[in-house]
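Asks: Enclosed is the structure file coords_20.cif (mmCIF, C-alpha atoms).
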```cif
data_upload
#
loop_
_atom_site.group_PDB
_atom_site.id
_atom_site.type_symbol
_atom_site.label_atom_id
_atom_site.label_comp_id
_atom_site.auth_asym_id
_atom_site.auth_seq_id
_atom_site.Cartn_x
_atom_site.Cartn_y
_atom_site.Cartn_z
ATOM 1 C CA MET A 1 -4.645 -14.122 1.771
ATOM 2 C CA ALA A 2 -2.369 -15.936 -0.669
ATOM 3 C CA LEU A 3 -0.900 -13.680 -3.321
ATOM 4 C CA ASP A 4 1.011 -15.110 -6.292
ATOM 5 C CA LEU A 5 3.022 -11.907 -6.646
ATOM 6 C CA LYS A 6 6.327 -11.491 -4.783
ATOM 7 C CA PRO A 7 7.795 -7.981 -4.615
ATOM 8 C CA LEU A 8 11.534 -7.530 -5.114
ATOM 9 C CA ALA A 9 14.036 -5.650 -2.927
ATOM 10 C CA ASP A 10 12.392 -3.037 -0.673
ATOM 11 C CA ARG A 11 9.023 -3.042 -2.400
ATOM 12 C CA VAL A 12 5.709 -3.912 -0.762
ATOM 13 C CA ILE A 13 2.256 -4.706 -2.112
ATOM 14 C CA VAL A 14 -0.634 -2.897 -0.441
ATOM 15 C CA LEU A 15 -4.359 -3.561 -0.692
ATOM 16 C CA PRO A 16 -5.893 -0.056 -0.496
ATOM 17 C CA ALA A 17 -8.811 0.509 1.864
ATOM 18 C CA ALA A 18 -12.183 1.226 0.283
ATOM 19 C CA ALA A 19 -12.961 4.884 -0.417
ATOM 20 C CA GLU A 20 -15.350 6.551 2.004
ATOM 21 C CA GLU A 21 -18.978 6.258 0.863
ATOM 22 C CA LYS A 22 -20.363 8.999 3.111
ATOM 23 C CA THR A 23 -19.159 11.702 5.477
ATOM 24 C CA LYS A 24 -19.383 11.511 9.259
ATOM 25 C CA SER A 25 -22.509 13.673 9.110
ATOM 26 C CA GLY A 26 -24.186 11.207 6.708
ATOM 27 C CA ILE A 27 -23.793 13.007 3.367
ATOM 28 C CA ILE A 28 -23.297 10.482 0.553
ATOM 29 C CA ILE A 29 -20.190 11.185 -1.534
ATOM 30 C CA PRO A 30 -20.651 10.750 -5.320
ATOM 31 C CA ASP A 31 -18.090 8.662 -7.235
ATOM 32 C CA THR A 32 -16.664 11.735 -8.947
ATOM 33 C CA ALA A 33 -15.827 13.416 -5.617
ATOM 34 C CA LYS A 34 -14.265 10.426 -3.841
ATOM 35 C CA GLU A 35 -10.597 10.781 -2.970
ATOM 36 C CA LYS A 36 -8.039 8.030 -3.334
ATOM 37 C CA PRO A 37 -7.566 6.206 -0.035
ATOM 38 C CA GLN A 38 -4.254 6.791 1.723
ATOM 39 C CA ARG A 39 -4.363 3.736 3.935
ATOM 40 C CA GLY A 40 -4.300 0.034 3.303
ATOM 41 C CA GLU A 41 -3.091 -3.393 4.339
ATOM 42 C CA VAL A 42 0.288 -4.863 3.432
ATOM 43 C CA VAL A 43 -0.241 -8.185 1.620
ATOM 44 C CA ALA A 44 3.353 -8.950 0.519
ATOM 45 C CA VAL A 45 6.818 -7.707 1.472
ATOM 46 C CA GLY A 46 10.119 -7.952 -0.407
ATOM 47 C CA GLU A 47 13.378 -9.279 1.070
ATOM 48 C CA GLY A 48 14.808 -5.838 1.832
ATOM 49 C CA LYS A 49 17.283 -3.367 0.407
ATOM 50 C CA ILE A 50 21.024 -3.842 -0.071
ATOM 51 C CA SER A 51 22.876 -0.958 1.627
ATOM 52 C CA ASP A 52 25.898 0.828 0.149
ATOM 53 C CA GLN A 53 28.100 -1.418 2.298
ATOM 54 C CA GLY A 54 26.568 -4.540 0.717
ATOM 55 C CA VAL A 55 24.522 -5.539 3.775
ATOM 56 C CA LEU A 56 20.879 -6.619 3.467
ATOM 57 C CA VAL A 57 18.619 -4.247 5.417
ATOM 58 C CA LYS A 58 15.400 -6.153 6.174
ATOM 59 C CA SER A 59 12.009 -4.489 5.826
ATOM 60 C CA GLN A 60 10.336 -2.988 8.900
ATOM 61 C CA LEU A 61 6.935 -4.048 7.534
ATOM 62 C CA SER A 62 5.208 -7.390 7.729
ATOM 63 C CA VAL A 63 2.170 -8.902 6.052
ATOM 64 C CA GLY A 64 -1.035 -7.706 7.701
ATOM 65 C CA ASP A 65 0.267 -4.290 8.801
ATOM 66 C CA GLN A 66 -2.183 -1.402 8.369
ATOM 67 C CA VAL A 67 -0.255 1.501 6.827
ATOM 68 C CA LEU A 68 -0.587 5.102 5.680
ATOM 69 C CA TYR A 69 1.063 6.106 2.402
ATOM 70 C CA GLY A 70 1.384 9.187 0.201
ATOM 71 C CA LYS A 71 -1.558 10.223 -1.953
ATOM 72 C CA TYR A 72 0.173 9.508 -5.252
ATOM 73 C CA ALA A 73 2.525 6.753 -4.052
ATOM 74 C CA GLY A 74 2.968 3.468 -5.839
ATOM 75 C CA THR A 75 1.905 1.880 -9.073
ATOM 76 C CA GLU A 76 -1.606 0.511 -9.441
ATOM 77 C CA ILE A 77 -1.921 -3.111 -10.564
ATOM 78 C CA THR A 78 -4.902 -5.429 -10.952
ATOM 79 C CA LEU A 79 -4.526 -9.098 -10.111
ATOM 80 C CA ASP A 80 -7.395 -11.609 -10.006
ATOM 81 C CA GLY A 81 -9.948 -8.775 -10.113
ATOM 82 C CA ALA A 82 -8.528 -6.917 -7.102
ATOM 83 C CA ASP A 83 -6.644 -3.613 -7.246
ATOM 84 C CA TYR A 84 -3.303 -3.365 -5.449
ATOM 85 C CA LEU A 85 -0.517 -0.823 -5.116
ATOM 86 C CA ILE A 86 3.132 -1.785 -5.403
ATOM 87 C CA MET A 87 5.484 0.745 -3.819
ATOM 88 C CA ARG A 88 8.828 1.144 -2.121
ATOM 89 C CA GLU A 89 8.953 0.823 1.642
ATOM 90 C CA SER A 90 10.101 4.462 1.819
ATOM 91 C CA ASP A 91 6.747 5.568 0.298
ATOM 92 C CA ILE A 92 4.977 4.320 3.432
ATOM 93 C CA LEU A 93 4.569 7.078 5.984
ATOM 94 C CA ALA A 94 3.381 5.189 9.075
ATOM 95 C CA ILE A 95 2.157 1.887 10.482
ATOM 96 C CA LEU A 96 -1.213 2.109 12.215
#
```
Let me see whether you can do it: turn the structure in this file into structure tokens.
Replies:
Amino acid sequence: MALDLKPLADRVIVLPAAAEEKTKSGIIIPDTAKEKPQRGEVVAVGEGKISDQGVLVKSQLSVGDQVLYGKYAGTEITLDGADYLIMRESDILAIL
């Protein structure tokens, strides 16, 4: 996926996974009760963060990684009709 948006420093752009439509038992979840997804795919990664010693610390993430992030992490943006989250690498909790 080509994205015309390049994050700066230690920021990453994540494409959130779709919200669950129904429970495991088959109950359909209405739109008003759906929770924000907490997982997604990394679509762009910044260069990295400059440490206090002036050294560039590269990101541990790469494009295509499936990640878990905090419930209220990041800033929502819309680009070309798709919703993305832009957040710091430290907001990402785990790589799946």
Asks: Enter the distance from atom CA of A:Pro16 to atom CA of A:Ala73, in Å, rounded to one decimal.
Replies: 11.4 Å
Asks: Skip A:Val43 itself and residues of its chain fewer than 6 positions away, then list as a PDB file with C-alpha atoms, in the frame of the given file all residues within 9 Å of it, counting only C-alpha atoms.
Replies:
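Dumped to part03.pdb:
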```pdb
ATOM      1  CA  MET A   1      -4.645 -14.122   1.771  1.00  0.00           C
ATOM      2  CA  ALA A   2      -2.369 -15.936  -0.669  1.00  0.00           C
ATOM      3  CA  LEU A   3      -0.900 -13.680  -3.321  1.00  0.00           C
ATOM      4  CA  VAL A  12       5.709  -3.912  -0.762  1.00  0.00           C
ATOM      5  CA  ILE A  13       2.256  -4.706  -2.112  1.00  0.00           C
ATOM      6  CA  VAL A  14      -0.634  -2.897  -0.441  1.00  0.00           C
ATOM      7  CA  LEU A  15      -4.359  -3.561  -0.692  1.00  0.00           C
ATOM      8  CA  SER A  62       5.208  -7.390   7.729  1.00  0.00           C
ATOM      9  CA  VAL A  63       2.170  -8.902   6.052  1.00  0.00           C
ATOM     10  CA  GLY A  64      -1.035  -7.706   7.701  1.00  0.00           C
ATOM     11  CA  ASP A  65       0.267  -4.290   8.801  1.00  0.00           C
TER      12      ASP A  65
END
```
Asks: With the file shown as input, list the residues that the PyMOL selection byres ((chain A and resi 72) around 12) selects, as a ChimeraX atom specification.
Replies: /A:35-39,68-71,73-76,85-87,91-92
Asks: Mind listing as a compact mmCIF listing (two decimals) with C-alpha atoms, keeping the file's coordinate frame all residues within 6 Å of (8.2, -3.6, -0.9), counting only C-alpha atoms?
Replies:
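The result, written out as out13.txt:
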```txt
# COMPACT_ATOMS: atom_id res chain seq x y z
CA PRO A 7 7.80 -7.98 -4.62
CA ASP A 10 12.39 -3.04 -0.67
CA ARG A 11 9.02 -3.04 -2.40
CA VAL A 12 5.71 -3.91 -0.76
CA VAL A 45 6.82 -7.71 1.47
CA GLY A 46 10.12 -7.95 -0.41
CA MET A 87 5.48 0.74 -3.82
CA ARG A 88 8.83 1.14 -2.12
CA GLU A 89 8.95 0.82 1.64
```
Asks: Please, what is the axis-aligned box for every listed atom of stretch 56-63 of chain A with 3 Å on each side, as centre and edge lengths in Å to one decimal, as AutoDock Vina command-line options?
Replies:
```
--center_x 11.5 --center_y -5.9 --center_z 6.2 --size_x 24.7 --size_y 11.9 --size_z 11.4
```
Asks: What's the separation between atom CA of A:Asp83 and atom CA of A:Gly48, in Å to one decimal place?
Replies: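 A separation of 23.4 Å between them.
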Asks: For the atom pair atom CA of A:Leu5 and atom CA of A:Val67, what is the interatomic distance in Å to one decimal place?
Replies: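 Rounded to one decimal, the two atoms are 19.3 Å apart.
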